[in-house]
>>> print(open('model-v5.csv').read())   # CSV, C-alpha atoms
chain,number,residue,atom,x,y,z
A,1292,MET,CA,117.7,155.7,130.7
A,1293,LEU,CA,121.0,155.0,129.1
A,1294,ILE,CA,121.2,156.4,125.5
A,1295,VAL,CA,123.9,155.8,123.0
A,1296,ASN,CA,124.6,158.6,120.5
A,1297,ASN,CA,128.2,157.8,119.4
A,1298,TYR,CA,128.6,155.6,116.3
A,1299,PHE,CA,131.8,154.0,117.6
A,1300,VAL,CA,130.2,153.0,120.8
A,1301,ALA,CA,127.2,151.7,118.8
A,1302,VAL,CA,129.6,149.5,116.8
A,1303,LEU,CA,131.1,148.1,120.0
A,1304,LEU,CA,127.6,147.3,121.3
A,1305,CYS,CA,126.9,145.5,118.0
A,1306,VAL,CA,130.1,143.5,118.4
A,1307,LEU,CA,129.0,142.5,121.9
A,1308,ALA,CA,125.6,141.4,120.4
A,1309,MET,CA,127.4,139.4,117.8
A,1310,ILE,CA,129.4,137.6,120.5
A,1311,CYS,CA,126.3,136.9,122.6
A,1312,TRP,CA,124.2,135.7,119.6
A,1313,GLY,CA,127.0,133.4,118.4
A,1314,SER,CA,127.7,132.0,121.9
A,1315,TRP,CA,124.4,131.3,123.7
A,1316,GLN,CA,124.1,127.8,122.1
A,1317,ASN,CA,127.2,126.7,124.0
A,1318,THR,CA,124.9,126.5,127.1
A,1319,ARG,CA,122.9,123.9,125.3
A,1320,ASN,CA,126.0,121.8,124.8
A,1321,LEU,CA,127.0,122.2,128.4
A,1322,ALA,CA,123.7,120.6,129.6
A,1323,ARG,CA,123.4,116.8,129.7
A,1324,LYS,CA,123.7,115.2,126.3
A,1325,GLU,CA,120.3,113.5,126.8
A,1326,TRP,CA,118.7,116.9,127.7
A,1327,ARG,CA,116.8,117.5,124.4
A,1328,PHE,CA,116.6,121.0,122.8
A,1329,GLU,CA,112.9,121.0,123.2
A,1330,LEU,CA,113.3,120.8,127.0
A,1331,TYR,CA,116.2,123.2,127.0
A,1332,TYR,CA,114.0,125.8,125.2
A,1333,TRP,CA,111.5,126.3,128.0
A,1334,ASP,CA,114.3,127.7,130.3
A,1335,TYR,CA,115.9,129.5,127.4
A,1336,SER,CA,112.7,131.5,126.6
A,1337,LEU,CA,112.3,132.3,130.4
A,1338,GLY,CA,115.9,133.4,130.7
A,1339,ILE,CA,115.3,135.9,127.8
A,1340,LEU,CA,112.2,137.3,129.5
A,1341,LEU,CA,113.9,137.6,133.0
A,1342,PHE,CA,117.0,139.4,131.6
A,1343,SER,CA,114.8,141.8,129.6
A,1344,LEU,CA,113.2,142.9,132.9
A,1345,LEU,CA,116.6,143.2,134.5
A,1346,ALA,CA,117.8,145.5,131.7
A,1347,ALA,CA,114.6,147.5,131.7
A,1348,PHE,CA,114.8,148.3,135.4
A,1349,THR,CA,118.6,149.1,135.3
A,1350,PHE,CA,119.8,150.5,131.9
A,1351,GLY,CA,116.3,151.4,131.0
A,1352,SER,CA,115.5,153.4,134.2
A,1353,LEU,CA,118.8,155.0,135.2
A,1354,GLY,CA,120.2,158.4,134.0
A,1355,GLN,CA,118.6,161.7,133.2
A,1356,GLU,CA,117.7,161.3,129.5
A,1357,GLY,CA,114.6,160.0,128.0
A,1358,ARG,CA,111.8,158.1,129.7
A,1359,THR,CA,112.2,155.4,132.4
A,1360,PHE,CA,110.8,152.0,131.8
A,1361,LEU,CA,107.7,152.6,133.9
A,1362,GLN,CA,107.1,156.0,132.3
A,1363,ASP,CA,107.4,154.4,128.9
A,1364,LEU,CA,104.9,151.7,129.8
A,1365,GLN,CA,102.4,154.3,130.7
A,1366,GLN,CA,102.6,156.1,127.4
A,1367,ALA,CA,103.1,153.1,125.0
A,1368,ASP,CA,100.7,152.7,122.1
A,1369,GLY,CA,99.0,149.3,121.7
A,1370,ARG,CA,100.1,149.0,118.1
A,1371,ASN,CA,103.7,149.4,119.0
A,1372,ILE,CA,103.4,146.9,121.8
A,1373,PHE,CA,101.8,144.5,119.4
A,1374,SER,CA,104.6,145.1,116.8
A,1375,ALA,CA,107.3,144.3,119.3
A,1376,MET,CA,105.5,141.2,120.6
A,1377,LEU,CA,104.9,140.1,117.0
A,1378,GLY,CA,108.7,140.4,116.4
A,1379,GLY,CA,109.2,138.1,119.4
A,1380,ALA,CA,106.8,135.5,118.1
A,1381,VAL,CA,108.3,135.5,114.6
A,1382,TRP,CA,111.8,135.3,115.9
A,1383,ASN,CA,110.8,132.5,118.2
A,1384,ILE,CA,109.7,130.1,115.5
A,1385,GLY,CA,112.9,130.9,113.6
A,1386,THR,CA,115.1,130.2,116.7
A,1387,LEU,CA,113.3,126.9,117.4
A,1388,LEU,CA,113.9,125.8,113.9
A,1389,LEU,CA,117.6,127.0,114.2
A,1390,THR,CA,118.0,125.0,117.5
A,1391,ALA,CA,116.5,122.0,115.8
A,1392,GLY,CA,118.9,122.5,112.9
A,1393,ILE,CA,121.8,122.7,115.4
A,1394,ALA,CA,120.6,119.4,117.0
A,1395,VAL,CA,120.8,117.7,113.6
A,1396,ALA,CA,123.7,119.4,111.9
A,1397,GLY,CA,125.7,121.2,114.6
A,1398,MET,CA,126.7,124.8,115.3
A,1399,SER,CA,129.2,125.0,112.5
A,1400,VAL,CA,126.6,124.4,109.9
A,1401,ALA,CA,123.2,125.6,111.2
A,1402,PHE,CA,124.5,129.0,112.2
A,1403,PRO,CA,126.3,129.8,108.9
A,1404,ILE,CA,123.2,128.7,106.9
A,1405,GLY,CA,120.3,129.8,109.2
A,1406,GLY,CA,122.1,132.8,110.6
A,1407,GLY,CA,123.6,133.8,107.3
A,1408,ILE,CA,120.2,133.7,105.4
A,1409,GLY,CA,118.6,135.6,108.3
A,1410,TRP,CA,121.5,138.1,108.1
A,1411,ILE,CA,121.3,138.8,104.4
A,1412,LEU,CA,117.5,139.0,104.2
A,1413,GLY,CA,117.3,141.1,107.4
A,1414,ILE,CA,119.8,143.7,106.0
A,1415,VAL,CA,117.7,144.0,102.9
A,1416,ILE,CA,114.4,144.3,104.8
A,1417,ASN,CA,115.7,146.8,107.3
A,1418,TYR,CA,117.5,148.9,104.6
A,1419,ILE,CA,114.2,149.2,102.6
A,1420,ALA,CA,112.4,150.3,105.8
A,1421,ARG,CA,115.1,152.9,106.6
A,1422,PRO,CA,117.9,153.4,104.0
A,1423,ALA,CA,121.2,154.4,105.6
A,1424,GLY,CA,124.9,153.8,104.8
A,1425,ASN,CA,126.7,153.1,101.6
A,1426,PRO,CA,124.6,150.6,99.6
A,1427,VAL,CA,127.5,149.3,97.6
A,1428,LEU,CA,129.5,148.4,100.7
A,1429,LEU,CA,126.4,147.1,102.6
A,1430,PHE,CA,125.1,144.9,99.8
A,1431,GLY,CA,128.6,144.0,98.5
A,1432,GLY,CA,129.4,142.6,102.0
A,1433,SER,CA,126.0,140.8,101.9
A,1434,LEU,CA,126.8,139.1,98.6
A,1435,ILE,CA,130.1,137.9,99.9
A,1436,ILE,CA,128.3,136.4,102.9
A,1437,VAL,CA,126.1,134.5,100.4
A,1438,GLY,CA,129.3,132.8,99.2
A,1439,ALA,CA,130.2,131.9,102.7
A,1440,ILE,CA,126.8,130.2,103.2
A,1441,VAL,CA,127.3,128.2,100.0
A,1442,LEU,CA,130.7,126.9,101.2
A,1443,SER,CA,129.1,126.0,104.6
A,1444,MET,CA,126.5,123.8,102.8
A,1445,MET,CA,129.2,122.2,100.7
A,1446,ALA,CA,131.2,121.3,103.8
A,1447,TYR,CA,128.3,119.9,105.6
A,1448,ARG,CA,127.2,117.7,102.7
A,1449,ARG,CA,130.7,116.2,102.6
A,1450,LEU,CA,130.6,115.4,106.3
A,1451,ALA,CA,127.0,114.1,106.2
A,1452,LYS,CA,127.8,111.8,103.3
A,1453,LYS,CA,130.7,110.3,105.2
A,1454,GLN,CA,128.7,109.9,108.4
A,1455,GLU,CA,125.6,108.7,106.5
A,1456,LYS,CA,123.6,111.5,108.0
A,1457,PRO,CA,120.5,113.1,106.3
A,1458,SER,CA,122.1,116.3,105.1
A,1459,PHE,CA,118.9,117.6,103.6
A,1460,LYS,CA,117.1,117.8,106.9
A,1461,GLY,CA,119.8,119.9,108.6
A,1462,ILE,CA,120.1,122.3,105.7
A,1463,LEU,CA,116.3,122.6,105.3
A,1464,LEU,CA,115.7,123.4,109.0
A,1465,SER,CA,118.5,126.0,108.9
A,1466,LEU,CA,117.1,127.6,105.8
A,1467,LEU,CA,113.6,127.9,107.2
A,1468,ALA,CA,115.1,129.3,110.4
A,1469,GLY,CA,116.9,132.0,108.5
A,1470,ILE,CA,113.9,133.1,106.6
A,1471,ALA,CA,111.8,133.5,109.8
A,1472,ILE,CA,114.6,135.2,111.7
A,1473,ALA,CA,115.1,137.8,108.9
A,1474,PHE,CA,111.8,139.4,109.6
A,1475,PHE,CA,111.7,139.8,113.3
A,1476,TYR,CA,114.0,142.8,113.6
A,1477,LYS,CA,111.9,145.0,111.4
A,1478,PHE,CA,108.8,144.5,113.5
A,1479,VAL,CA,110.7,145.5,116.7
A,1480,ALA,CA,112.4,148.4,115.0
A,1481,GLN,CA,109.0,149.7,113.8
A,1482,SER,CA,108.0,150.1,117.5
A,1483,LEU,CA,111.1,152.1,118.5
A,1484,ASP,CA,111.2,155.8,119.4
A,1485,THR,CA,114.6,156.7,117.9
A,1486,GLU,CA,114.4,160.3,119.1
A,1487,ILE,CA,113.9,159.2,122.7
A,1488,THR,CA,112.6,162.4,124.4
A,1489,ARG,CA,110.7,162.7,127.7
A,1490,GLU,CA,107.5,163.5,125.7
A,1491,ALA,CA,104.9,160.8,125.1
A,1492,THR,CA,105.0,159.5,121.5
A,1493,GLY,CA,103.3,156.2,121.8
A,1494,LYS,CA,106.5,154.5,120.6
A,1495,LEU,CA,108.8,152.4,122.8
A,1496,THR,CA,112.3,153.0,124.1
A,1497,SER,CA,114.7,150.1,123.1
A,1498,TYR,CA,114.5,148.6,126.6
A,1499,THR,CA,110.7,148.5,126.6
A,1500,ALA,CA,110.7,147.2,123.1
A,1501,VAL,CA,113.1,144.3,124.1
A,1502,PHE,CA,110.8,143.5,127.0
A,1503,PHE,CA,107.7,143.2,124.9
A,1504,PHE,CA,109.7,141.3,122.3
A,1505,SER,CA,110.8,138.9,125.0
A,1506,LEU,CA,107.2,138.6,126.3
A,1507,GLY,CA,106.0,137.7,122.8
A,1508,ALA,CA,108.7,135.1,122.5
A,1509,PHE,CA,107.9,133.6,125.9
A,1510,VAL,CA,104.2,133.4,125.3
A,1511,SER,CA,104.6,131.9,121.8
A,1512,THR,CA,106.8,129.2,123.2
A,1513,PHE,CA,103.7,127.6,124.7
A,1514,ILE,CA,102.3,127.5,121.2
A,1515,TYR,CA,105.3,126.3,119.2
A,1516,ASN,CA,107.3,124.1,121.6
A,1517,PRO,CA,104.6,121.5,122.3
A,1518,PHE,CA,104.5,120.8,118.6
A,1519,PHE,CA,108.3,120.2,118.5
A,1520,MET,CA,108.0,118.0,121.6
A,1521,LYS,CA,105.2,115.8,120.0
A,1522,PHE,CA,106.8,115.7,116.5
A,1523,PRO,CA,110.6,115.9,117.2
A,1524,VAL,CA,113.1,116.3,114.4
A,1525,GLU,CA,115.2,113.5,116.0
A,1526,GLY,CA,114.4,110.8,118.6
A,1527,ASP,CA,111.1,110.0,120.3
A,1528,PRO,CA,108.5,112.5,121.5
A,1529,VAL,CA,109.1,114.0,124.9
A,1530,SER,CA,106.6,115.2,127.6
A,1531,PHE,CA,106.5,118.1,130.0
A,1532,ARG,CA,107.0,115.6,132.8
A,1533,THR,CA,110.5,114.9,131.4
A,1534,TYR,CA,111.2,118.6,131.7
A,1535,LEU,CA,110.2,118.7,135.3
A,1536,SER,CA,112.7,115.8,136.0
A,1537,GLY,CA,115.6,117.9,134.8
A,1538,THR,CA,118.6,118.6,137.0
A,1539,LEU,CA,119.5,122.1,138.4
A,1540,ARG,CA,122.3,122.3,135.9
A,1541,ASP,CA,120.0,121.5,132.9
A,1542,HIS,CA,117.6,124.3,133.9
A,1543,ALA,CA,120.4,126.7,134.8
A,1544,MET,CA,122.1,126.3,131.4
A,1545,GLY,CA,118.8,127.2,129.6
A,1546,LEU,CA,118.3,130.3,131.8
A,1547,LEU,CA,121.9,131.3,131.2
A,1548,GLY,CA,121.6,130.8,127.4
A,1549,GLY,CA,118.5,133.0,127.4
A,1550,ALA,CA,120.2,135.7,129.4
A,1551,ILE,CA,123.2,135.7,127.1
A,1552,TRP,CA,121.0,136.0,124.0
A,1553,CYS,CA,118.9,138.8,125.5
A,1554,LEU,CA,122.1,140.7,126.5
A,1555,GLY,CA,122.9,140.7,122.8
A,1556,MET,CA,119.4,141.8,121.9
A,1557,THR,CA,119.5,144.7,124.3
A,1558,SER,CA,123.0,145.8,123.1
A,1559,SER,CA,121.9,145.7,119.5
A,1560,PHE,CA,118.8,147.9,120.0
A,1561,MET,CA,120.8,150.3,122.2
A,1562,ALA,CA,122.9,150.9,119.0
A,1563,VAL,CA,119.9,151.6,116.7
A,1564,LYS,CA,119.8,155.4,117.5
A,1565,ALA,CA,123.5,156.0,116.6
A,1566,ALA,CA,123.5,153.5,113.7
A,1567,SER,CA,120.6,152.6,111.4
A,1568,PRO,CA,118.5,149.4,111.9
A,1569,ALA,CA,120.1,147.9,108.8
A,1570,ILE,CA,123.6,148.5,110.0
A,1571,SER,CA,122.9,147.6,113.6
A,1572,TYR,CA,121.2,144.4,112.4
A,1573,GLY,CA,124.0,143.6,110.0
A,1574,LEU,CA,126.8,143.9,112.5
A,1575,SER,CA,124.9,142.2,115.3
A,1576,ASN,CA,124.0,139.3,113.2
A,1577,ALA,CA,127.6,138.5,112.3
A,1578,ALA,CA,127.0,135.8,115.0
A,1579,PRO,CA,127.8,132.9,112.5
A,1580,VAL,CA,131.4,134.0,112.6
A,1581,VAL,CA,131.5,133.4,116.4
A,1582,ALA,CA,129.4,130.2,116.2
A,1583,VAL,CA,131.7,128.7,113.6
A,1584,LEU,CA,134.7,129.2,115.8
A,1585,TRP,CA,133.0,127.6,118.8
A,1586,GLY,CA,131.8,124.7,116.7
A,1587,LEU,CA,135.1,124.0,115.0
A,1588,ILE,CA,137.6,124.8,117.7
A,1589,VAL,CA,135.8,123.8,121.0
A,1590,TRP,CA,133.2,121.2,120.0
A,1591,LYS,CA,135.2,119.6,117.1
A,1592,GLU,CA,132.1,119.2,115.0
A,1593,PHE,CA,134.0,118.5,111.8
A,1594,ARG,CA,136.5,116.0,113.4
A,1595,GLY,CA,137.0,113.2,110.8
A,1596,ALA,CA,135.6,115.1,107.9
A,1597,PRO,CA,136.8,114.1,104.4
A,1598,ALA,CA,140.0,115.7,103.0
A,1599,GLY,CA,139.4,119.1,101.6
A,1600,THR,CA,136.6,120.0,104.0
A,1601,ASN,CA,138.8,122.2,106.1
A,1602,ARG,CA,139.6,124.3,103.0
A,1603,LEU,CA,135.9,124.9,102.5
A,1604,LEU,CA,135.5,125.9,106.1
A,1605,SER,CA,138.5,128.2,106.0
A,1606,GLY,CA,137.1,129.9,102.9
A,1607,MET,CA,133.7,130.2,104.6
A,1608,PHE,CA,135.2,131.9,107.6
A,1609,VAL,CA,137.3,134.3,105.5
A,1610,LEU,CA,134.3,135.4,103.4
A,1611,TYR,CA,132.3,136.0,106.6
A,1612,LEU,CA,135.0,138.3,107.9
A,1613,ILE,CA,135.3,140.2,104.6
A,1614,GLY,CA,131.5,140.7,104.6
A,1615,LEU,CA,131.6,141.9,108.2
A,1616,VAL,CA,134.3,144.5,107.5
A,1617,LEU,CA,132.4,145.8,104.4
A,1618,ILE,CA,129.1,146.2,106.4
A,1619,THR,CA,131.0,148.0,109.2
A,1620,LEU,CA,132.6,150.4,106.7
A,1621,SER,CA,129.2,151.1,105.0
A,1622,ASN,CA,128.4,153.9,107.5
A,1623,VAL,CA,131.8,155.3,108.2
>>> encode(input="model-v5.csv", output="C-alpha cells")
Amino acid sequence: MLIVNNYFVAVLLCVLAMICWGSWQNTRNLARKEWRFELYYWDYSLGILLFSLLAAFTFGSLGQEGRTFLQDLQQADGRNIFSAMLGGAVWNIGTLLLTAGIAVAGMSVAFPIGGGIGWILGIVINYIARPAGNPVLLFGGSLIIVGAIVLSMMAYRRLAKKQEKPSFKGILLSLLAGIAIAFFYKFVAQSLDTEITREATGKLTSYTAVFFFSLGAFVSTFIYNPFFMKFPVEGDPVSFRTYLSGTLRDHAMGLLGGAIWCLGMTSSFMAVKAASPAISYGLSNAAPVVAVLWGLIVWKEFRGAPAGTNRLLSGMFVLYLIGLVLITLSNV
C-alpha cells in the first residue's frame, strides 16, 4: 500500500482534500435545475462507495509496505469496522443537512457556516483525542475562523432580507450540519492503524477505513434520504420513481460528485500518519475557502446583494485564509 511519511507531502494531500471537499457541490449545480438534491444524493453516496473501492484496490494494494486491502480485511477487528462505518453514518446526516442548506442558502453561505462549525469543533475533538502541534497557533487559527463564520451569517442575512427569503432556515440547516460533521472524523480516526505494519493489529489502514466509512454512508442513505424526500426543506415531496426518470447527465453528476468527495477523504486519511488527525482534519476542512470562491465567482450567488455585503464577504475570506495559515504552521 502507498504510505505517506513526509509532513510536506501530507500537507499537499490535505490541500488536495480541501479542494475536493470544497468543489464537489459544483456537480449538483451542473445537473438540471429541477433535479432536486434529494435525488442527486442517491448517486452521490454511490459515487463515494465506488471510488473508495477503486482507491482500496489501487493505492491501498500497491507497493511493498504495510498490508494490502484484502489482507487488511482479513485481520480487521469488528469494533474498528463498526467505528469507521459509524463515522460514515454520522457524516452522512451532516452532509445531507449541508446539501439541504446549500439548496436553501447557496454554497457561499452553507459551506462557511456548516463547514466552518464542523471545522472548528472537529479540530477540538480530534486534538483532545490525540494532542499534537502548537495549541496556540491551532486554536488561534480556529478562533479567527469563528469570526469568518459570523461575517458569513451577517452577509447572508442582508441578502435574504432583500430577496425576502427565510434566512433562519438556511442558517439553521447549516449549523446542524456542522455539528454532525464535526464528529465523524474522530470515529474513523479511532479505527486507524497509524503504524501500518504487516502484522495483524485489528485496526484498519486508511484505505480500508475509508471503504467502511463509505459503506456506512451508503447504507445510512437508505435510512435518512427517504425522510428528506417525504419532508423536503423546499418544494413538494419527491418519489423514487422520479429518481429513476433522471437523465444520464443527472446521474453522472451525482456519481462524479461522490468520486470527487471521496478522493478528498482518501487524501486526508493518507496524511494522518505524517500529520496528526487534528492537523489533517484542520487543513482538509478548509474547504469553505474553496466553496466561497466557487459560489461568489462562478455561480454569482450574491449578485444584487445590498451595498456593503461585498465587504463582509471579503473580510470572511481573508479571515478564513489567516486561520488556514495558522493551522498549517501549528505543526511546522
>>> residues_around(input="model-v5.csv", residues="segment 1429-1440 of chain A", least_positions_apart="2", cutoff="6 Å", atoms="only C-alpha atoms", output="VMD selection string")
chain A and resid 1403 to 1404 1411 1426 to 1427 1442 to 1443 1607 1610 to 1611 1614 1617 to 1618 1621
>>> atom_distance(input="model-v5.csv", atom1="atom CA of Ser1399 of chain A", atom2="atom CA of Met1445 of chain A")
12.1 Å
>>> closest_atom_pairs(input="model-v5.csv", of="segment 1332-1440 of chain A", to="segment 1479-1491 of chain A", cutoff="7 Å", atoms="only C-alpha atoms", output="JSON lines")
{"residue": "A:Gly1357", "atom": "CA", "partner": "A:Arg1489", "partner_atom": "CA", "distance": 4.8}
{"residue": "A:Arg1358", "atom": "CA", "partner": "A:Arg1489", "partner_atom": "CA", "distance": 5.1}
{"residue": "A:Gln1366", "atom": "CA", "partner": "A:Ala1491", "partner_atom": "CA", "distance": 5.7}
{"residue": "A:Asn1371", "atom": "CA", "partner": "A:Ser1482", "partner_atom": "CA", "distance": 4.6}
{"residue": "A:Ser1374", "atom": "CA", "partner": "A:Ser1482", "partner_atom": "CA", "distance": 6.1}
{"residue": "A:Ala1375", "atom": "CA", "partner": "A:Val1479", "partner_atom": "CA", "distance": 4.4}
{"residue": "A:Gly1378", "atom": "CA", "partner": "A:Val1479", "partner_atom": "CA", "distance": 5.5}
>>> write_last_selection(input="model-v5.csv", atoms="C-alpha atoms", output="tab-separated table (two decimals), in the frame of the given file")
chain	number	residue	atom	x	y	z
A	1357	GLY	CA	114.60	160.00	128.00
A	1358	ARG	CA	111.80	158.10	129.70
A	1366	GLN	CA	102.60	156.10	127.40
A	1371	ASN	CA	103.70	149.40	119.00
A	1374	SER	CA	104.60	145.10	116.80
A	1375	ALA	CA	107.30	144.30	119.30
A	1378	GLY	CA	108.70	140.40	116.40
>>> atom_distance(input="model-v5.csv", atom1="atom CA of Gln1362 of chain A", atom2="atom CA of Val1302 of chain A")
28.1 Å
>>> closest_atom_pairs(input="model-v5.csv", of="segment 1528-1610 of chain A", to="segment 1387-1396 of chain A", cutoff="12 Å", atoms="all atoms listed in the file", output="Markdown table")
| residue | atom | partner | partner_atom | distance |
| --- | --- | --- | --- | --- |
| A:Pro1579 | CA | A:Leu1389 | CA | 11.9 |
| A:Ala1582 | CA | A:Ile1393 | CA | 10.7 |
| A:Val1583 | CA | A:Ile1393 | CA | 11.7 |
| A:Gly1586 | CA | A:Ile1393 | CA | 10.3 |
| A:Glu1592 | CA | A:Ala1396 | CA | 9.0 |
| A:Phe1593 | CA | A:Ala1396 | CA | 10.3 |
>>> closest_residue(input="model-v5.csv", among="A:Leu1584, A:Val1381, A:Met1544, A:Ile1414", to="Tyr1515 of chain A", atoms="all atoms listed in the file")
A:Val1381
>>> closest_residue(input="model-v5.csv", among="A:Trp1410, A:Phe1608, A:Phe1350, A:Tyr1447", to="Gly1461 of chain A", atoms="all atoms listed in the file")
A:Tyr1447
>>> closest_atom_pairs(input="model-v5.csv", of="segment 1499-1543 of chain A", to="segment 1554-1570 of chain A", cutoff="10 Å", atoms="all atoms listed in the file", output="Markdown table")
| residue | atom | partner | partner_atom | distance |
| --- | --- | --- | --- | --- |
| A:Thr1499 | CA | A:Thr1557 | CA | 9.9 |
| A:Ala1500 | CA | A:Phe1560 | CA | 8.7 |
| A:Val1501 | CA | A:Thr1557 | CA | 6.4 |
| A:Phe1502 | CA | A:Thr1557 | CA | 9.2 |
| A:Phe1504 | CA | A:Met1556 | CA | 9.7 |
| A:Ser1505 | CA | A:Met1556 | CA | 9.6 |
>>> axis_aligned_box(input="model-v5.csv", around="segment 1445-1452 of chain A", padding_each_side="4 Å", output="JSON")
{"center_x": 129.1, "center_y": 117.0, "center_z": 103.5, "size_x": 12.2, "size_y": 18.4, "size_z": 13.6}
>>> atom_distance(input="model-v5.csv", atom1="atom CA of Thr1359 of chain A", atom2="atom CA of Trp1315 of chain A")
28.4 Å
>>> residues_around(input="model-v5.csv", residues="Ala1308 of chain A", least_positions_apart="2", cutoff="9 Å", atoms="all atoms listed in the file", output="number ranges by chain")
A: 1303-1306, 1310-1313, 1552-1559, 1574-1578
>>> closest_residue(input="model-v5.csv", among="A:Gly1606, A:Gly1493, A:Gly1406, A:Pro1422", to="Ile1472 of chain A", atoms="all atoms listed in the file")
A:Gly1406
>>> residues_near_point(input="model-v5.csv", point="(115.5, 130.5, 128.4)", cutoff="7 Å", atoms="all atoms listed in the file", output="PyMOL selection string")
chain A and resi 1332-1339+1545-1546+1548-1549
>>> closest_residue(input="model-v5.csv", among="A:Lys1460, A:Tyr1298, A:Ser1571, A:Arg1327", to="Val1529 of chain A", atoms="only C-alpha atoms")
A:Arg1327
>>> closest_residue(input="model-v5.csv", among="A:Ala1598, A:Val1295, A:Ala1322, A:Val1300", to="Leu1539 of chain A", atoms="all atoms listed in the file")
A:Ala1322
>>> residues_around(input="model-v5.csv", residues="Trp1326 of chain A", least_positions_apart="5", cutoff="8 Å", atoms="all atoms listed in the file", output="ChimeraX atom specification")
/A:1331,1537,1541
>>> write_last_selection(input="model-v5.csv", atoms="C-alpha atoms", output="mmCIF file, keeping the file's coordinate frame")
data_model
loop_
_atom_site.group_PDB
_atom_site.id
_atom_site.type_symbol
_atom_site.label_atom_id
_atom_site.label_comp_id
_atom_site.auth_asym_id
_atom_site.auth_seq_id
_atom_site.Cartn_x
_atom_site.Cartn_y
_atom_site.Cartn_z
ATOM 1 C CA TYR A 1331 116.200 123.200 127.000
ATOM 2 C CA GLY A 1537 115.600 117.900 134.800
ATOM 3 C CA ASP A 1541 120.000 121.500 132.900
#
